[in-house]
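Asks: So here's entry.cif (mmCIF, C-alpha atoms).
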data_start
#
loop_
_atom_site.label_atom_id
_atom_site.label_comp_id
_atom_site.auth_asym_id
_atom_site.auth_seq_id
_atom_site.Cartn_x
_atom_site.Cartn_y
_atom_site.Cartn_z
CA MET A 434 1.91 24.63 -11.87
CA LEU A 435 -0.74 26.80 -10.39
CA GLN A 436 -0.53 27.98 -6.84
CA LEU A 437 -3.12 27.81 -4.13
CA ALA A 438 -3.06 30.58 -1.60
CA ALA A 439 -4.52 29.23 1.60
CA ALA A 440 -5.61 31.33 4.49
CA GLY A 441 -2.94 31.99 7.02
CA SER A 442 -0.24 30.16 5.18
CA ALA A 443 2.19 30.62 2.40
CA SER A 444 1.37 29.79 -1.18
CA LEU A 445 0.70 26.10 -1.66
CA SER A 446 1.45 24.15 -4.76
CA ILE A 447 -0.91 21.50 -6.05
CA ALA A 448 2.09 19.98 -7.81
CA ALA A 449 3.77 19.40 -4.49
CA LEU A 450 0.81 17.29 -3.42
CA GLY A 451 2.12 14.39 -5.42
CA ALA A 452 5.11 14.07 -3.15
CA GLY A 453 2.91 13.22 -0.21
CA CYS A 454 0.32 11.05 -1.85
CA SER A 455 1.85 7.71 -0.98
CA VAL A 456 -0.60 5.81 1.20
CA LEU A 457 1.67 2.95 2.15
CA ARG A 458 5.10 2.07 0.85
CA PRO A 459 5.31 -1.12 -1.16
CA SER A 460 6.78 -3.95 0.82
CA LYS A 461 10.26 -5.14 -0.17
CA THR A 462 9.29 -8.70 0.54
CA PRO A 463 5.90 -9.71 -0.79
CA ASN A 464 3.77 -10.87 2.11
CA SER A 465 0.27 -10.68 0.81
CA THR A 466 -1.91 -11.77 -2.02
CA PRO A 467 -2.77 -8.90 -4.33
CA THR A 468 -6.33 -7.78 -3.91
CA GLY A 469 -6.51 -5.53 -6.92
CA SER A 470 -5.78 -5.44 -10.58
CA THR A 471 -3.64 -8.16 -12.06
CA SER A 472 -2.12 -5.80 -14.56
CA PRO A 473 1.63 -6.28 -14.73
CA THR A 474 2.38 -2.57 -14.96
CA PRO A 475 4.58 -1.55 -12.03
CA VAL A 476 3.71 1.58 -10.11
CA ALA A 477 5.62 3.95 -7.91
CA THR A 478 3.34 5.08 -5.12
CA SER A 479 5.84 7.66 -3.98
CA VAL A 480 5.85 10.51 -6.42
CA THR A 481 8.24 13.37 -6.67
CA ALA A 482 7.04 16.56 -8.23
CA SER A 483 8.72 19.77 -9.13
CA PRO A 484 8.19 22.46 -6.52
CA THR A 485 8.72 25.18 -9.07
CA SER A 486 5.85 27.57 -9.61
CA THR A 487 4.55 30.07 -12.10
CA PRO A 488 2.25 33.04 -11.55
CA THR A 489 -1.42 32.17 -11.25
CA PRO A 490 -3.34 32.97 -14.43
CA PRO A 491 -6.68 34.74 -14.06
CA LEU A 492 -9.69 32.51 -13.49
CA PRO A 493 -11.99 31.81 -16.44
CA LEU A 494 -15.01 34.11 -16.54
CA ALA A 495 -17.43 31.29 -15.75
CA ASP A 496 -15.47 30.55 -12.60
CA ALA A 497 -15.72 34.14 -11.39
CA LYS A 498 -19.45 33.58 -10.98
CA ARG A 499 -18.78 30.38 -9.05
CA VAL A 500 -16.39 32.24 -6.77
CA ARG A 501 -18.96 34.92 -5.99
CA ALA A 502 -21.62 32.30 -5.23
CA ALA A 503 -19.26 30.28 -3.03
CA LEU A 504 -18.06 33.36 -1.17
CA ALA A 505 -21.60 34.44 -0.41
CA ARG A 506 -22.45 30.94 0.81
CA LEU A 507 -19.35 30.63 3.00
CA GLN A 508 -19.78 34.07 4.49
CA ALA A 509 -23.43 33.46 5.27
CA ALA A 510 -22.54 30.18 6.99
CA GLY A 511 -19.79 31.94 8.95
CA ALA A 512 -22.20 34.64 10.05
CA GLN A 513 -24.70 32.01 11.16
CA THR A 514 -22.04 30.26 13.22
CA ALA A 515 -20.98 33.53 14.81
CA GLN A 516 -24.59 34.36 15.58
CA ALA A 517 -25.16 30.93 17.12
CA GLY A 518 -22.60 31.80 19.79
CA VAL A 519 -24.62 34.84 20.74
CA VAL A 520 -27.96 33.10 20.80
CA GLN A 521 -26.55 30.17 22.77
CA PRO A 522 -23.23 31.07 24.47
CA THR A 523 -22.49 27.46 25.45
CA VAL A 524 -21.75 26.60 21.81
CA ARG A 525 -19.49 29.60 21.26
CA LYS A 526 -16.25 27.97 22.31
CA PRO A 527 -16.78 24.53 20.70
CA LEU A 528 -17.67 26.21 17.42
CA ARG A 529 -14.79 28.63 17.29
CA ARG A 530 -12.79 26.27 15.09
CA LEU A 531 -15.70 25.80 12.73
CA GLN A 532 -15.95 29.55 12.34
CA ARG A 533 -12.21 29.78 11.69
CA ASP A 534 -12.42 27.02 9.09
CA GLN A 535 -15.35 28.70 7.35
CA HIS A 536 -13.45 31.97 7.27
CA ALA A 537 -10.30 30.22 6.02
CA HIS A 538 -12.28 28.67 3.16
CA ALA A 539 -13.71 32.06 2.20
CA VAL A 540 -10.30 33.71 2.35
CA ALA A 541 -8.68 30.96 0.26
CA VAL A 542 -11.38 31.20 -2.41
CA ALA A 543 -11.13 35.00 -2.48
CA ARG A 544 -7.35 34.91 -2.77
CA LEU A 545 -7.45 32.42 -5.60
CA ALA A 546 -9.75 34.79 -7.46
CA GLU A 547 -7.50 37.72 -6.46
CA LEU A 548 -10.34 39.34 -4.54
CA PRO A 549 -9.92 41.14 -1.23
CA ALA A 550 -10.11 38.81 1.75
CA PRO A 551 -13.58 38.85 3.30
CA PRO A 552 -13.83 40.21 6.84
CA THR A 553 -14.31 37.89 9.79
CA PRO A 554 -18.03 37.65 10.55
CA THR A 555 -19.00 39.59 13.63
CA PRO A 556 -21.99 38.45 15.65
CA THR A 557 -24.90 40.77 16.33
CA PRO A 558 -26.09 40.75 19.90
CA THR A 559 -29.75 39.91 20.04
CA ASP A 560 -30.29 39.07 23.68
CA PRO A 561 -31.50 42.21 25.51
CA THR A 562 -30.25 40.79 28.79
CA ASP A 563 -26.74 41.00 27.41
CA GLY A 564 -27.18 44.78 27.57
CA LYS A 565 -25.38 45.30 24.31
CA THR A 566 -28.24 45.96 21.97
CA GLY A 567 -28.84 49.51 23.01
CA ARG A 568 -32.34 48.55 23.97
CA ASP A 569 -33.52 50.56 26.97
CA THR A 570 -34.82 48.28 29.67
CA LYS A 571 -34.49 50.88 32.42
CA GLY A 572 -37.43 50.86 34.71
CA ALA A 573 -38.88 47.72 33.31
CA GLY A 574 -40.81 45.72 35.84
CA THR A 575 -40.75 48.32 38.59
CA SER A 576 -44.50 48.71 38.93
CA LYS A 577 -46.18 49.13 42.28
CA ALA A 578 -47.82 45.76 41.82
CA GLY A 579 -44.75 44.19 43.27
CA THR A 580 -43.57 42.65 40.04
CA LYS A 581 -40.15 44.16 40.23
CA GLY A 582 -37.84 42.54 37.77
CA ALA A 583 -40.53 40.45 36.19
CA GLY A 584 -40.83 42.66 33.15
CA LYS A 585 -37.13 42.48 32.63
CA HIS A 586 -37.33 38.75 32.10
CA ALA A 587 -40.73 38.58 30.53
CA ASP A 588 -39.46 39.61 27.10
CA LYS A 589 -36.19 37.70 27.34
CA PRO A 590 -35.88 35.50 24.25
CA ARG A 591 -35.86 31.84 24.99
CA ARG A 592 -32.47 30.33 24.19
CA PRO A 593 -32.57 27.31 21.95
CA ALA A 594 -31.08 24.12 23.34
CA PRO A 595 -27.45 23.53 22.28
CA ALA A 596 -28.54 20.41 20.40
CA THR A 597 -30.97 22.52 18.39
CA VAL A 598 -28.22 24.98 17.50
CA TYR A 599 -25.86 22.15 16.49
CA GLY A 600 -28.64 20.66 14.38
CA ALA A 601 -29.33 23.92 12.57
CA LEU A 602 -25.64 24.53 11.89
CA GLY A 603 -25.26 20.94 10.72
CA ALA A 604 -28.02 21.45 8.18
CA THR A 605 -26.26 24.57 6.93
CA GLU A 606 -22.93 22.75 6.63
CA LYS A 607 -24.59 20.01 4.61
CA SER A 608 -26.02 22.59 2.28
CA VAL A 609 -22.63 24.34 1.99
CA ALA A 610 -20.94 21.00 1.27
CA ASP A 611 -23.48 20.21 -1.45
CA ASP A 612 -23.05 23.65 -3.04
CA LEU A 613 -19.26 23.48 -2.99
CA ARG A 614 -19.30 19.96 -4.40
CA ALA A 615 -21.39 21.14 -7.34
CA GLN A 616 -19.06 24.11 -7.89
CA ALA A 617 -16.03 21.80 -7.76
CA ILE A 618 -17.49 19.50 -10.39
CA GLY A 619 -18.35 22.38 -12.69
CA ALA A 620 -15.30 24.60 -12.26
CA GLU A 621 -13.13 25.17 -15.31
CA SER A 622 -10.02 25.88 -13.30
CA GLY A 623 -8.56 22.73 -11.81
CA GLU A 624 -7.02 24.74 -9.01
CA LEU A 625 -10.35 26.23 -8.04
CA ALA A 626 -12.02 22.83 -8.34
CA ALA A 627 -9.53 21.31 -5.90
CA LEU A 628 -10.08 24.13 -3.44
CA PHE A 629 -13.87 23.85 -3.70
CA ALA A 630 -13.68 20.07 -3.29
CA SER A 631 -11.44 20.34 -0.24
CA ALA A 632 -13.71 22.95 1.35
CA ALA A 633 -16.71 20.72 0.55
CA ALA A 634 -14.97 17.81 2.27
CA SER A 635 -14.26 19.95 5.30
CA ALA A 636 -17.88 21.16 5.44
CA SER A 637 -19.05 17.57 5.15
CA CYS A 638 -16.84 16.58 8.09
CA TRP A 639 -18.19 19.45 10.17
CA GLN A 640 -21.71 18.42 9.28
CA ARG A 641 -21.02 14.97 10.75
CA TRP A 642 -19.36 16.52 13.79
CA LEU A 643 -22.37 18.77 14.39
CA ALA A 644 -24.83 15.95 13.78
CA ARG A 645 -23.18 13.87 16.49
CA ARG A 646 -23.56 16.71 18.98
CA ALA A 647 -27.11 17.35 17.91
CA GLY A 648 -27.86 13.73 18.77
CA MET B 397 -14.64 10.76 -26.13
CA SER B 398 -11.64 13.07 -26.11
CA PRO B 399 -8.30 11.54 -25.19
CA PRO B 400 -7.18 12.19 -21.63
CA THR B 401 -4.29 14.53 -20.94
CA PRO B 402 -1.05 13.07 -19.58
CA ALA B 403 -1.67 14.96 -16.33
CA GLU B 404 -5.09 13.35 -15.97
CA VAL B 405 -3.71 9.89 -16.58
CA ALA B 406 -0.80 10.39 -14.18
CA ALA B 407 -3.09 11.68 -11.42
CA ALA B 408 -5.57 8.86 -12.01
CA GLN B 409 -2.77 6.29 -11.82
CA ARG B 410 -1.53 7.80 -8.56
CA ALA B 411 -5.05 7.71 -7.12
CA LEU B 412 -5.38 4.11 -8.25
CA ALA B 413 -2.06 3.21 -6.61
CA ALA B 414 -3.35 4.81 -3.41
CA GLU B 415 -6.57 2.80 -3.65
CA HIS B 416 -4.66 -0.44 -4.17
CA ALA B 417 -2.68 0.23 -0.98
CA THR B 418 -5.83 1.23 0.90
CA VAL B 419 -7.77 -1.88 -0.13
CA TRP B 420 -4.80 -3.93 1.04
CA ALA B 421 -4.67 -2.00 4.32
CA TYR B 422 -8.34 -2.66 5.05
CA GLY B 423 -7.55 -6.34 4.82
CA ILE B 424 -5.33 -5.74 7.86
CA ILE B 425 -7.71 -3.33 9.57
CA GLY B 426 -10.88 -5.44 9.26
CA PRO B 427 -9.99 -8.35 11.56
CA ARG B 428 -8.62 -5.93 14.19
CA ALA B 429 -11.35 -3.31 14.04
CA GLY B 430 -13.20 -4.53 17.14
CA ASP B 431 -16.50 -2.68 17.48
CA GLU B 432 -15.86 -0.87 14.21
CA LYS B 433 -16.05 -3.98 12.08
CA ALA B 434 -19.09 -2.65 10.19
CA LEU B 435 -17.26 0.60 9.44
CA ALA B 436 -14.24 -1.41 8.26
CA THR B 437 -16.46 -3.44 5.94
CA THR B 438 -18.21 -0.41 4.40
CA SER B 439 -14.88 1.40 4.05
CA PHE B 440 -13.32 -1.63 2.35
CA ASP B 441 -16.26 -1.91 -0.05
CA ALA B 442 -16.14 1.82 -0.83
CA HIS B 443 -12.43 1.71 -1.66
CA ARG B 444 -12.82 -1.41 -3.75
CA ASN B 445 -15.52 0.37 -5.75
CA ALA B 446 -13.34 3.47 -6.14
CA ARG B 447 -10.45 1.27 -7.31
CA ASP B 448 -12.69 -0.46 -9.84
CA ASP B 449 -14.07 2.89 -11.08
CA LEU B 450 -10.55 4.19 -11.65
CA ILE B 451 -9.54 1.00 -13.45
CA ALA B 452 -12.65 1.27 -15.63
CA TRP B 453 -11.93 4.91 -16.49
CA LEU B 454 -8.29 4.22 -17.37
CA THR B 455 -9.17 1.15 -19.41
CA ALA B 456 -11.93 3.00 -21.27
CA HIS B 457 -9.36 5.62 -22.25
CA GLY B 458 -6.88 3.07 -23.54
CA GLU B 459 -4.55 3.24 -20.55
CA GLN B 460 -3.02 0.32 -18.69
CA PRO B 461 -4.08 0.61 -15.03
CA VAL B 462 -1.26 0.32 -12.52
CA ALA B 463 -1.13 -2.96 -10.66
CA ALA B 464 -1.41 -3.55 -6.95
CA ARG B 465 1.81 -4.45 -5.20
CA PRO B 466 2.02 -7.87 -3.61
CA GLY B 467 2.34 -6.22 -0.21
CA TYR B 468 2.91 -2.91 1.54
CA GLU B 469 4.87 -1.80 4.57
CA LEU B 470 2.76 -1.00 7.60
CA PRO B 471 3.79 2.29 9.21
CA PHE B 472 3.47 0.78 12.68
CA ARG B 473 2.48 -2.48 14.35
CA ILE B 474 -1.26 -3.13 14.30
CA GLY B 475 -2.05 -4.74 17.61
CA ASP B 476 -5.45 -3.62 18.76
CA SER B 477 -8.51 -1.76 17.50
CA GLY B 478 -6.90 1.60 18.33
CA ASP B 479 -3.99 0.79 16.01
CA ALA B 480 -6.44 -0.34 13.36
CA ALA B 481 -8.35 2.94 13.60
CA ALA B 482 -5.09 4.90 13.41
CA LEU B 483 -4.11 3.00 10.26
CA ALA B 484 -7.56 3.63 8.79
CA ARG B 485 -7.21 7.37 9.43
CA ARG B 486 -3.78 7.31 7.87
CA VAL B 487 -4.83 5.57 4.67
CA GLU B 488 -7.95 7.74 4.34
CA ASP B 489 -5.73 10.79 4.70
CA GLY B 490 -3.41 9.40 2.05
CA CYS B 491 -6.35 8.91 -0.29
CA CYS B 492 -7.45 12.52 0.27
CA ASN B 493 -3.94 13.56 -0.76
CA ALA B 494 -4.22 11.44 -3.90
CA PHE B 495 -7.68 12.60 -4.94
CA ALA B 496 -7.17 16.37 -4.49
CA PRO B 497 -4.55 16.46 -7.30
CA LEU B 498 -6.86 14.31 -9.41
CA VAL B 499 -9.62 16.91 -8.94
CA ALA B 500 -7.18 19.61 -10.10
CA ALA B 501 -5.91 17.58 -13.07
CA SER B 502 -9.21 16.20 -14.35
CA ALA B 503 -10.74 17.84 -17.41
CA ASP B 504 -13.07 14.91 -18.02
CA SER B 505 -16.33 15.53 -16.15
CA GLU B 506 -16.80 11.88 -15.20
CA LEU B 507 -13.30 11.71 -13.71
CA ARG B 508 -13.75 15.08 -11.97
CA LYS B 509 -16.95 13.92 -10.32
CA LEU B 510 -15.35 10.68 -9.22
CA ALA B 511 -12.37 12.53 -7.72
CA VAL B 512 -14.50 15.14 -5.92
CA ASP B 513 -16.79 12.49 -4.43
CA GLN B 514 -13.87 10.34 -3.33
CA LEU B 515 -12.11 13.29 -1.71
CA ILE B 516 -15.25 14.08 0.28
CA ALA B 517 -15.90 10.42 1.12
CA CYS B 518 -12.32 9.78 2.29
CA ALA B 519 -12.31 12.90 4.46
CA THR B 520 -15.59 11.96 6.13
CA ARG B 521 -14.49 8.35 6.62
CA ARG B 522 -11.30 9.61 8.22
CA MET B 523 -13.54 11.42 10.69
CA GLU B 524 -15.66 8.35 11.29
CA TRP B 525 -12.46 6.58 12.30
CA GLY B 526 -11.96 9.16 15.03
CA GLY B 527 -10.20 12.00 13.24
CA ALA B 528 -10.99 15.67 13.81
CA PRO B 529 -12.35 17.81 10.95
CA LEU B 530 -9.56 19.11 8.74
CA ARG B 531 -9.55 22.63 7.35
CA PHE B 532 -8.33 21.65 3.87
CA PRO B 533 -8.52 17.86 3.38
CA GLY B 534 -6.20 16.73 0.63
CA LEU B 535 -4.37 20.04 0.42
CA PRO B 536 -0.99 20.70 2.01
CA GLY B 537 -0.48 23.05 4.92
CA ARG B 538 -3.61 21.87 6.59
CA GLY B 539 -3.89 20.93 10.25
CA PRO B 540 -6.37 19.12 12.42
CA THR B 541 -9.00 21.44 13.80
CA VAL B 542 -9.75 20.08 17.20
CA PRO B 543 -12.71 22.06 18.53
#
What would the structure in this file look like if it were written as C-alpha cells?
Replies:
Amino acid sequence: MLQLAAAGSASLSIAALGAGCSVLRPSKTPNSTPTGSTSPTPVATSVTASPTSTPTPPLPLADAKRVRAALARLQAAGAQTAQAGVVQPTVRKPLRRLQRDQHAHAVAVARLAELPAPPTPTPTPTDPTDGKTGRDTKGAGTSKAGTKGAGKHADKPRRPAPATVYGALGATEKSVADDLRAQAIGAESGELAALFASAAASASCWQRWLARRAG
Amino acid sequence: MSPPTPAEVAAAQRALAAEHATVWAYGIIGPRAGDEKALATTSFDAHRNARDDLIAWLTAHGEQPVAARPGYELPFRIGDSGDAAALARRVEDGCCNAFAPLVAASADSELRKLAVDQLIACATRRMEWGGAPLRFPGLPGRGPTVP
C-alpha cells in the first residue's frame, strides 16, 4: 500500500486507516431499531489492515501538474497569512496555527511528489513605523512650523481591522479548499487524492473558523 | 460502467458501515442537543443522504450493501448537550477516517466525488460541533490545531 509522508511525522499508511475507521462498536445486545438498510449482510465496523508498506511509485504525469498547481496555491495562501500578521499584528498569534497547517499541507504534497519541501513563508515588513523596511524617515516632520512628528505619522499606512483581515483570509481559504477539492476529484493517484481531500477539508474548516472571527 | 475494484467495494462498505453507526448515533444526539437541535437535524439528514448514496452506488454495481446493526455501544454516557456534542464530534471524526480511505481507493469518478465531499462535510460538521480545525482530517498522525 502506498505511503503518505506527512509534514513533521513519520510515513503514514493509508492502509492503516482502516484500523481506526470504526465509528461506534456494534452493541452486543440489540437495543435499537435499525435506521438503515434492511440488507441481511453482516458487517464488521472494526477493520484490521496490514501495516506493511511498499515504496511509493512515481506519480502519474497528469498528477505532477496538479501538484505544482496545489503547491503554488498553498504557498501563496501561506504567504498571505504570514503577511497578515505584519499588516495587523493582533492576528499574528491566533493565525500561527493556520500558517503551520498551510505549510504542513504544502510539505506533505511536495513530499508525496518527491519534491523538495517548500520553505516556510516569511513575511515582508510593510509598515514604515516598524523601522524594518529600510525606508529612511529621519528628519521627517521636523519643520519649523511646529509639526514635529506629524510627518512621521502622516504616511503611516492605516491598519485594517482584524475582522477585515480574518474575512480576507477566510475568502482565500475557501478558494484554496475549492481548488484542492477539484484536484482531489481529478487526481489519478488515490494517495494524492486523499491528501488533497484532507487538505481541502482542513482549509474548509479554517474558512469557517475565520468567518466566525470576521463576524 | 466498469466493474468496481475489490478495494473500492471494501472501502465503500466500510464507509457505509460508518454511516449506519452515525445515523444511529444522531438518533441519540438529537433529543439531547439542546440549542444545537437544528445542527443535529441537518447533520442527521446529511448522513442519511450519504448512507443512501453509498447504498445506491453499491447496488448499482451489483454489490450487497452492508446492513446496519440493531444497536451500537456508546463510548460514554450521554447526559447533557455537552455529551451530545462530544459524541457528534466523535462520530464525525470516525466518518472522516472512513471517507479518506474511500477517496484513496475510488477509481470511479462518481464515488471519488462522493467520498471527497463527505470527507470535507464531516470535517466541517465536526468543527460546527465545537471541534478545532484539524491539520489532516481523515488521515492518521493528525492533531487538533487549537489556535
Asks: Pick out the closest residue to chain B from this set: A:His536, A:Arg592, A:Lys498, A:Arg614. Count only C-alpha atoms.
Replies: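 Of the candidates, the smallest distance to chain B is held by A:Arg614.
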Asks: Contacts of B:Arg428 at 10 Å or less, counting all atoms listed in the file, minus same-chain residues fewer than 5 places along, as a PyMOL selection string?
Replies: chain B and resi 422-423+433+436+474-481
Asks: Mind giving me the straight-line distance from atom CA of B:Ala407 to atom CA of B:Ser505 in Å, one decimal?
Replies: 14.6 Å
Asks: Could you check how far atom CA of A:Leu613 sits from atom CA of A:Arg506, in Å to one decimal?
Replies: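 These atoms are spaced 9.0 Å apart.
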Asks: To one decimal place in Å, what is the distance between atom CA of A:Leu602 and atom CA of B:Asn493?
Replies: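 About the pair atom CA of A:Leu602 and atom CA of B:Asn493: they are 27.4 Å apart.
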